[in-house]
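Visitor: Following this line is coords.txt, made up of compact mmCIF, C-alpha atoms and all ligand atoms:
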# COMPACT_ATOMS: atom_id res chain seq x y z
CA MET O 187 77.30 -142.53 -40.76
CA PRO O 188 77.51 -139.27 -38.84
CA LEU O 189 80.09 -136.83 -40.17
CA GLU O 190 83.59 -137.22 -38.79
CA ASN O 191 86.70 -135.07 -38.84
CA MET O 192 89.86 -135.84 -40.87
CA LYS O 193 92.00 -137.10 -37.97
CA ALA O 194 91.44 -140.85 -38.12
CA MET O 195 91.04 -141.07 -41.89
CA LEU O 196 94.26 -139.16 -42.58
CA SER O 197 96.37 -140.96 -40.02
CA LYS O 198 95.21 -144.31 -41.40
CA ALA O 199 95.94 -143.13 -44.93
CA ALA O 200 99.40 -141.84 -44.02
CA ALA O 201 100.24 -145.13 -42.30
CA GLY O 202 98.86 -147.18 -45.21
CA ARG O 203 100.49 -144.98 -47.89
CA TYR O 204 97.31 -144.15 -49.71
CA ALA O 205 95.43 -140.86 -49.90
CA VAL O 206 91.90 -139.77 -49.11
CA GLY O 207 90.31 -137.87 -52.00
CA ALA O 208 89.09 -134.39 -51.05
CA PHE O 209 86.59 -133.20 -53.61
CA ASN O 210 85.29 -129.64 -53.93
CA VAL O 211 81.54 -129.65 -54.29
CA LEU O 212 79.32 -126.92 -55.70
CA ASP O 213 75.81 -128.01 -54.83
CA TYR O 214 73.71 -130.97 -53.75
CA ASN O 215 74.22 -132.89 -57.01
CA SER O 216 78.03 -132.72 -56.88
CA ALA O 217 78.06 -133.62 -53.17
CA LYS O 218 75.83 -136.62 -53.89
CA ALA O 219 78.22 -137.71 -56.65
CA VAL O 220 81.12 -137.67 -54.17
CA VAL O 221 79.26 -139.57 -51.46
CA GLU O 222 77.88 -142.21 -53.86
CA ALA O 223 81.22 -142.80 -55.57
CA ALA O 224 82.94 -143.21 -52.18
CA GLY O 225 80.16 -145.45 -50.84
CA GLU O 226 80.30 -147.79 -53.81
CA LEU O 227 84.08 -148.04 -53.55
CA ARG O 228 84.05 -148.36 -49.75
CA ALA O 229 86.43 -145.42 -49.44
CA PRO O 230 86.66 -142.74 -46.76
CA VAL O 231 86.10 -139.36 -48.36
CA ILE O 232 86.39 -135.62 -47.76
CA ILE O 233 83.82 -133.21 -49.13
CA GLN O 234 85.36 -129.78 -49.50
CA THR O 235 83.58 -126.48 -49.84
CA SER O 236 85.23 -123.27 -50.93
CA ALA O 237 84.52 -120.13 -48.94
CA LYS O 238 82.72 -118.82 -52.03
CA THR O 239 80.38 -121.81 -52.16
CA VAL O 240 79.57 -121.44 -48.46
CA THR O 241 78.72 -117.79 -48.97
CA PHE O 242 76.66 -118.58 -52.08
CA TRP O 243 74.33 -121.14 -50.47
CA GLY O 244 74.65 -120.22 -46.82
CA SER O 245 76.39 -122.42 -44.28
CA ARG O 246 73.25 -123.88 -42.70
CA THR O 247 71.62 -124.84 -46.01
CA LEU O 248 74.82 -126.41 -47.31
CA MET O 249 75.46 -128.30 -44.08
CA GLY O 250 71.87 -129.61 -44.12
CA TRP O 251 72.50 -131.29 -47.47
CA LEU O 252 75.91 -132.62 -46.54
CA ARG O 253 74.94 -133.99 -43.15
CA GLU O 254 72.01 -135.85 -44.67
CA LEU O 255 74.08 -137.31 -47.51
CA ALA O 256 76.72 -138.52 -45.04
CA ALA O 257 74.12 -139.96 -42.67
CA ASP O 258 72.88 -142.27 -45.42
CA SER O 259 76.39 -143.28 -46.46
CA PRO O 260 78.15 -146.49 -45.35
CA VAL O 261 81.58 -144.79 -45.37
CA PRO O 262 83.18 -142.07 -43.22
CA VAL O 263 82.65 -138.59 -44.65
CA ALA O 264 84.36 -135.40 -43.46
CA VAL O 265 83.22 -131.93 -44.45
CA HIS O 266 86.15 -129.56 -44.84
CA LEU O 267 86.29 -125.83 -45.52
CA ASP O 268 88.93 -125.32 -48.22
CA HIS O 269 91.32 -122.28 -48.34
CA CYS O 270 89.78 -119.78 -45.97
CA LYS O 271 91.41 -116.50 -45.04
CA ASP O 272 88.48 -115.26 -42.98
CA VAL O 273 88.49 -116.34 -39.34
CA ASP O 274 84.87 -115.25 -38.90
CA LEU O 275 83.73 -117.54 -41.71
CA ILE O 276 85.77 -120.35 -40.18
CA GLY O 277 83.93 -119.75 -36.90
CA GLU O 278 80.59 -119.77 -38.70
CA CYS O 279 81.36 -123.07 -40.42
CA ILE O 280 82.50 -124.68 -37.16
CA GLU O 281 79.24 -123.51 -35.60
CA ALA O 282 77.22 -124.89 -38.55
CA GLY O 283 78.79 -128.34 -38.30
CA TRP O 284 81.88 -128.47 -40.55
CA THR O 285 84.15 -131.14 -39.12
CA SER O 286 87.33 -129.68 -40.58
CA VAL O 287 88.62 -126.28 -41.71
CA MET O 288 91.61 -124.86 -43.56
CA ILE O 289 93.14 -121.60 -42.49
CA ASP O 290 95.04 -120.12 -45.42
CA ALA O 291 97.20 -117.35 -44.06
CA SER O 292 100.02 -118.29 -46.42
CA ALA O 293 100.09 -114.86 -48.08
CA ARG O 294 101.00 -113.26 -44.75
CA PRO O 295 104.47 -113.01 -43.24
CA PHE O 296 105.61 -116.21 -41.51
CA GLU O 297 104.99 -115.01 -37.93
CA GLU O 298 101.47 -113.83 -38.77
CA ASN O 299 100.65 -117.06 -40.59
CA LEU O 300 101.87 -118.91 -37.53
CA SER O 301 99.80 -116.97 -35.02
CA LEU O 302 96.62 -116.91 -37.12
CA SER O 303 96.87 -120.65 -37.84
CA ARG O 304 97.49 -121.29 -34.15
CA ARG O 305 94.42 -119.22 -33.29
CA VAL O 306 92.26 -121.35 -35.60
CA VAL O 307 93.59 -124.55 -34.01
CA GLU O 308 92.60 -123.14 -30.60
CA MET O 309 89.10 -122.38 -31.92
CA ALA O 310 88.66 -125.73 -33.63
CA ARG O 311 90.21 -128.33 -31.36
CA PRO O 312 87.77 -128.04 -28.42
CA ARG O 313 84.97 -128.60 -30.96
CA ASN O 314 86.63 -131.75 -32.33
CA VAL O 315 87.21 -129.99 -35.66
CA THR O 316 90.45 -130.70 -37.52
CA VAL O 317 92.62 -127.97 -39.06
CA GLU O 318 94.69 -127.77 -42.23
CA ALA O 319 97.22 -124.93 -42.57
CA GLU O 320 99.34 -123.78 -45.50
CA LEU O 321 102.93 -122.60 -45.84
CA GLY O 322 104.46 -121.12 -48.98
CA ALA O 323 102.32 -119.99 -51.89
CA ILE O 324 100.43 -122.54 -53.96
CA VAL O 325 100.16 -120.88 -57.36
CA GLY O 326 97.09 -120.49 -59.50
CA VAL O 327 93.63 -119.17 -59.05
CA GLU O 328 91.35 -120.76 -56.52
CA ASP O 329 88.38 -119.11 -54.93
CA ASP O 330 89.31 -115.56 -54.09
CA ILE O 331 93.00 -116.22 -53.69
CA HIS O 332 95.21 -115.09 -56.55
CA VAL O 333 98.87 -115.87 -56.44
CA LYS O 334 100.84 -114.67 -59.40
CA GLU O 335 103.25 -117.25 -60.61
CA GLN O 336 106.30 -115.04 -60.16
CA GLU O 337 105.37 -114.36 -56.56
CA SER O 338 105.01 -118.01 -55.79
CA HIS O 339 107.47 -119.64 -53.51
CA LEU O 340 107.94 -123.14 -52.27
CA ALA O 341 107.72 -124.00 -48.59
CA ASP O 342 111.03 -123.87 -46.76
CA PRO O 343 111.57 -127.21 -44.98
CA ALA O 344 113.09 -125.68 -41.84
CA GLN O 345 110.21 -123.21 -41.57
CA ALA O 346 107.77 -126.04 -42.21
CA VAL O 347 109.12 -127.97 -39.24
CA GLU O 348 108.92 -124.91 -36.99
CA PHE O 349 105.42 -124.11 -38.28
CA CYS O 350 104.07 -127.59 -37.63
CA ALA O 351 105.68 -127.78 -34.18
CA LYS O 352 104.10 -124.49 -33.13
CA VAL O 353 100.73 -124.74 -34.90
CA GLN O 354 100.19 -128.50 -34.61
CA PRO O 355 97.85 -128.73 -37.59
CA ASP O 356 96.07 -132.02 -38.31
CA CYS O 357 96.98 -131.66 -41.96
CA PHE O 358 99.67 -129.54 -43.60
CA ALA O 359 99.75 -127.97 -47.06
CA PRO O 360 103.30 -126.95 -47.95
CA ALA O 361 103.75 -125.40 -51.40
CA ILE O 362 105.69 -128.00 -53.37
CA GLY O 363 105.18 -126.79 -56.93
CA THR O 364 101.64 -127.94 -57.69
CA ALA O 365 99.12 -125.33 -58.83
CA HIS O 366 95.41 -124.66 -58.86
CA GLY O 367 93.56 -124.68 -62.17
CA ILE O 368 94.68 -126.19 -65.45
CA TYR O 369 98.42 -126.81 -65.82
CA LYS O 370 100.17 -125.13 -68.70
CA GLY O 371 102.88 -127.67 -69.32
CA GLU O 372 104.39 -130.21 -66.96
CA PRO O 373 104.45 -129.04 -63.31
CA LYS O 374 107.79 -129.26 -61.53
CA ILE O 375 107.19 -130.97 -58.23
CA ALA O 376 109.71 -130.35 -55.45
CA TYR O 377 109.78 -133.95 -54.26
CA HIS O 378 112.81 -133.31 -52.07
CA ILE O 379 110.83 -130.71 -50.09
CA LEU O 380 107.80 -132.98 -49.79
CA GLU O 381 109.95 -135.87 -48.60
CA LYS O 382 111.84 -133.77 -46.05
CA VAL O 383 108.74 -132.04 -44.69
CA ALA O 384 106.64 -135.21 -44.43
CA ALA O 385 109.41 -137.09 -42.64
CA ALA O 386 110.38 -134.26 -40.29
CA THR O 387 106.87 -133.13 -39.30
CA GLN O 388 105.04 -136.48 -39.27
CA VAL O 389 101.89 -134.50 -40.17
CA PRO O 390 99.69 -135.85 -43.01
CA ILE O 391 100.35 -133.72 -46.10
CA ALA O 392 97.65 -132.28 -48.35
CA LEU O 393 98.36 -132.20 -52.07
CA HIS O 394 96.69 -129.17 -53.61
CA GLY O 395 96.13 -128.65 -57.32
CA GLY O 396 95.44 -132.31 -58.01
CA THR O 397 93.59 -131.85 -61.30
CA GLY O 398 95.84 -132.63 -64.26
CA LEU O 399 98.69 -134.33 -62.42
CA SER O 400 99.81 -137.61 -63.99
CA ASP O 401 99.17 -140.95 -62.31
CA GLU O 402 102.91 -141.20 -61.80
CA VAL O 403 103.07 -137.86 -59.94
CA PHE O 404 100.15 -138.87 -57.72
CA ARG O 405 101.75 -142.19 -56.84
CA LYS O 406 105.06 -140.58 -56.02
CA CYS O 407 103.52 -137.82 -53.88
CA ILE O 408 101.36 -140.32 -51.99
CA ALA O 409 104.34 -142.60 -51.42
CA LEU O 410 106.22 -139.63 -49.95
CA GLY O 411 103.50 -138.69 -47.45
CA CYS O 412 100.54 -136.97 -49.15
CA ALA O 413 97.52 -138.41 -47.37
CA LYS O 414 94.91 -135.98 -48.76
CA VAL O 415 94.57 -135.10 -52.44
CA ASN O 416 92.46 -132.11 -53.45
CA ILE O 417 90.43 -132.25 -56.63
CA SER O 418 88.47 -129.17 -57.61
CA THR O 419 89.00 -128.05 -61.21
CA GLN O 420 88.13 -131.48 -62.60
CA ILE O 421 84.73 -131.35 -60.89
CA LYS O 422 84.04 -127.86 -62.23
CA TYR O 423 84.70 -129.16 -65.75
CA ALA O 424 82.53 -132.26 -65.30
CA PHE O 425 79.80 -130.08 -63.80
CA ILE O 426 79.61 -127.88 -66.90
CA ASP O 427 80.55 -130.44 -69.56
CA GLY O 428 78.16 -133.09 -68.25
CA PHE O 429 75.31 -130.60 -68.34
CA VAL O 430 76.08 -128.91 -71.65
CA GLY O 431 77.15 -132.15 -73.33
CA TYR O 432 73.82 -133.81 -72.61
CA HIS O 433 71.84 -130.84 -73.85
CA ASN O 434 73.89 -130.55 -77.03
CA ALA O 435 73.26 -134.23 -77.77
CA HIS O 436 69.51 -133.92 -77.04
CA ASN O 437 68.81 -130.33 -77.96
CA ALA O 438 65.11 -130.77 -78.63
CA GLN O 439 64.56 -132.27 -75.19
CA TYR O 440 63.86 -130.01 -72.23
CA ASP O 441 63.85 -132.48 -69.37
CA PRO O 442 65.96 -130.92 -66.60
CA LEU O 443 66.17 -134.08 -64.49
CA LYS O 444 67.85 -135.93 -67.36
CA VAL O 445 70.37 -133.14 -67.70
CA ILE O 446 71.05 -133.15 -63.96
CA LYS O 447 71.48 -136.94 -64.06
CA ALA O 448 73.96 -136.67 -66.94
CA GLN O 449 75.88 -134.05 -64.99
CA PHE O 450 75.85 -136.31 -61.91
CA ASP O 451 77.14 -139.30 -63.88
CA GLU O 452 79.97 -137.27 -65.40
CA MET O 453 81.12 -135.99 -62.00
CA LYS O 454 80.79 -139.38 -60.30
CA LYS O 455 82.85 -141.13 -62.99
CA GLY O 456 85.83 -138.80 -62.48
CA ILE O 457 85.56 -138.92 -58.69
CA ALA O 458 85.48 -142.74 -58.67
CA ALA O 459 88.53 -142.92 -60.95
CA ASN O 460 90.42 -140.62 -58.59
CA ILE O 461 89.47 -142.55 -55.47
CA GLN O 462 90.81 -145.70 -57.11
CA LEU O 463 93.98 -144.00 -58.28
CA PHE O 464 94.72 -142.63 -54.80
CA GLY O 465 94.32 -146.10 -53.28
CA GLY O 466 91.32 -145.29 -51.09
CA ALA O 467 88.99 -147.99 -52.45
CA GLY O 468 88.19 -150.68 -49.88
CA LYS O 469 89.76 -148.72 -47.01
CA ALA O 470 86.48 -147.86 -45.22
ZN ZN U 501 94.17 -125.58 -52.87
Can you turn what I pasted into structure tokens?
Ligand SMILES: [Zn+2]

Guide:
Amino acid sequence: MPLENMKAMLSKAAAGRYAVGAFNVLDYNSAKAVVEAAGELRAPVIIQTSAKTVTFWGSRTLMGWLRELAADSPVPVAVHLDHCKDVDLIGECIEAGWTSVMIDASARPFEENLSLSRRVVEMARPRNVTVEAELGAIVGVEDDIHVKEQESHLADPAQAVEFCAKVQPDCFAPAIGTAHGIYKGEPKIAYHILEKVAAATQVPIALHGGTGLSDEVFRKCIALGCAKVNISTQIKYAFIDGFVGYHNAHNAQYDPLKVIKAQFDEMKKGIAANIQLFGGAGKA
């Protein structure tokens, strides 16, 4: 199918109380793992690229791979630019064919976040590109954004309502206590904030920092309005472990395609398990 934006898939997910998995890819092999897992499970899916990955490969090269993978897929695929602070890069990705973008101006003062996010919506909407925006600071290390734990703050529900009314994002990422990277100990999720924000804004919520959350936390967050769940760290681990694990087990063999296949299988297995957990299987 041709690529689509996140609008229809997220509104269906929000209404059906399931979530669409949004998986950060690194290269062709990881993107293929996402598309194949989703296709086999008949699930709508979001391929995410970090700003760093776009810069590494180049937007046109990356989009060439992704567009082709989606075209051969029986399920709807969106290509989304994850956490981006750079409006020029957002413009470049929209030009190259991304169907969705995230403006992350969450480190800026509220009014600046509001106006920059609004500006991205004005750039994106005429091109049929959906926009995710963030409020509050989601802790951890992701891409080039570093938020020290002590500086982190949760989204304020009243501000969240004002933000969504003025920006009108297609997807909203309020900081609710999840973090990027590997959790050290049990994360404290601010369910009351999630519940209030989801109900008051009626905007599909993105759950960031999905790797390492328990099944119970996922179910609760999805039931309260998270319609998009981001998985990045888990794929990074499968990418390295699948590759290294195969080589360690067959260290006399130098057959790169077998190593790449082992890496693919490892990534696909985790992606498929997540799609099932989030309730997306059979929804496409
Ligand atoms: Zn994130």

Visitor: Grab the CA of Pro312 in chain O to CA of Leu252 in chain O distance for me, in Å with one decimal place.

Guide: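 Taking CA of Pro312 in chain O and CA of Leu252 in chain O, their separation equals 22.1 Å.
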
Visitor: Would you list the residues that come within 9 Å of ligand ZN 501 (chain U)? Count all atoms listed in the file and give the answer as a list in words.

Guide: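 These are the residues that qualify: Asp268, His269, Ile324, Val325, Gly326, Val327, Glu328, Asp329, Ala359, Ala365, His366, Ala392, Leu393, His394, Gly395, Gly396, Asn416, Ile417 and Ser418 of chain O.
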
Visitor: For a cutoff of 7 Å around the file-coordinate point (100.9, -119.1, -51.8), which residues qualify once you count only C-alpha atoms? I'd like the result as a list in words.

Guide: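 Collected hits near the coordinates: Ser292, Ala293, Gly322, Ala323, Ile324, Val325, Val333, Ser338, His339 and Ala361 of chain O.
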
Visitor: Residues within 12 Å of Lys374 in chain O, please, as a PDB file with C-alpha atoms, keeping the file's coordinate frame. Count only C-alpha atoms; anything in the same chain fewer than 4 positions from it doesn't count.

Guide:
ATOM      1  CA  LEU O 340     107.940-123.140 -52.270  1.00  0.00           C
ATOM      2  CA  ALA O 361     103.750-125.400 -51.400  1.00  0.00           C
ATOM      3  CA  ILE O 362     105.690-128.000 -53.370  1.00  0.00           C
ATOM      4  CA  GLY O 363     105.180-126.790 -56.930  1.00  0.00           C
ATOM      5  CA  THR O 364     101.640-127.940 -57.690  1.00  0.00           C
ATOM      6  CA  ALA O 365      99.120-125.330 -58.830  1.00  0.00           C
ATOM      7  CA  TYR O 369      98.420-126.810 -65.820  1.00  0.00           C
ATOM      8  CA  LYS O 370     100.170-125.130 -68.700  1.00  0.00           C
ATOM      9  CA  HIS O 378     112.810-133.310 -52.070  1.00  0.00           C
ATOM     10  CA  ILE O 379     110.830-130.710 -50.090  1.00  0.00           C
ATOM     11  CA  LEU O 399      98.690-134.330 -62.420  1.00  0.00           C
ATOM     12  CA  SER O 400      99.810-137.610 -63.990  1.00  0.00           C
ATOM     13  CA  VAL O 403     103.070-137.860 -59.940  1.00  0.00           C
TER      14      VAL O 403
END

Visitor: I need the residue nearest Lys218 in chain O from this list: O:Cys357, O:Ile446, O:Leu267, O:Val315. Use only C-alpha atoms for the distance.

Guide: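 Once distances to Lys218 in chain O are computed over only C-alpha atoms, the minimum belongs to O:Ile446.
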
Visitor: Between O:Phe209, O:Phe450, O:Phe425, O:Phe358, which one has atoms that come closest to Cys412 in chain O, using all atoms listed in the file?

Guide: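 Under the stated criterion, the closest residue is O:Phe358.
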
Visitor: Which residues of range 356-436 of chain O have any atom within 8 Å of an atom in range 453-468 of chain O when counting all atoms listed in the file, and what is the closest pair of atoms for each, with the distance in Å to one decimal? Order the rows by chain and rising number and write it as JSON lines.

Guide:
{"residue": "O:Asp401", "atom": "CA", "partner": "O:Leu463", "partner_atom": "CA", "distance": 7.2}
{"residue": "O:Phe404", "atom": "CA", "partner": "O:Phe464", "partner_atom": "CA", "distance": 7.2}
{"residue": "O:Arg405", "atom": "CA", "partner": "O:Phe464", "partner_atom": "CA", "distance": 7.3}
{"residue": "O:Ile408", "atom": "CA", "partner": "O:Phe464", "partner_atom": "CA", "distance": 7.6}
{"residue": "O:Val415", "atom": "CA", "partner": "O:Phe464", "partner_atom": "CA", "distance": 7.9}
{"residue": "O:Gln420", "atom": "CA", "partner": "O:Gly456", "partner_atom": "CA", "distance": 7.7}
{"residue": "O:Ile421", "atom": "CA", "partner": "O:Met453", "partner_atom": "CA", "distance": 6.0}
{"residue": "O:Ala424", "atom": "CA", "partner": "O:Met453", "partner_atom": "CA", "distance": 5.2}
{"residue": "O:Phe425", "atom": "CA", "partner": "O:Met453", "partner_atom": "CA", "distance": 6.3}
{"residue": "O:Gly428", "atom": "CA", "partner": "O:Met453", "partner_atom": "CA", "distance": 7.5}

Visitor: May I have the residues within 10 Å of Glu381 in chain O as number ranges by chain, using only C-alpha atoms and disregarding those fewer than 2 positions away in the same chain?

Guide: O: 343, 376-379, 383-386, 407, 409-412

Visitor: Can you tell me, as number ranges by chain, what residues are no more than 6 Å from Ala205 in chain O when counting all atoms listed in the file, ignoring any on the same chain fewer than 4 positions away?

Guide: O: 199, 413-414, 464

Visitor: So the first atom is CA of Leu380 in chain O and the second is CA of Val261 in chain O; what is the distance between them in Å, to one decimal place?

Guide: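 Taking CA of Leu380 in chain O and CA of Val261 in chain O, their separation equals 29.1 Å.
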
Visitor: Using only C-alpha atoms, which residues sit within 8 Å of Val287 in chain O once same-chain residues fewer than 5 positions away are excluded, as number ranges by chain?

Guide: O: 266-268, 270, 276, 280, 315-318

Visitor: Rounded to one decimal, what separation in Å do you get between CA of Asp356 in chain O and CA of Thr235 in chain O?

Guide: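 Computing the Euclidean distance for CA of Asp356 in chain O and CA of Thr235 in chain O yields 17.9 Å.
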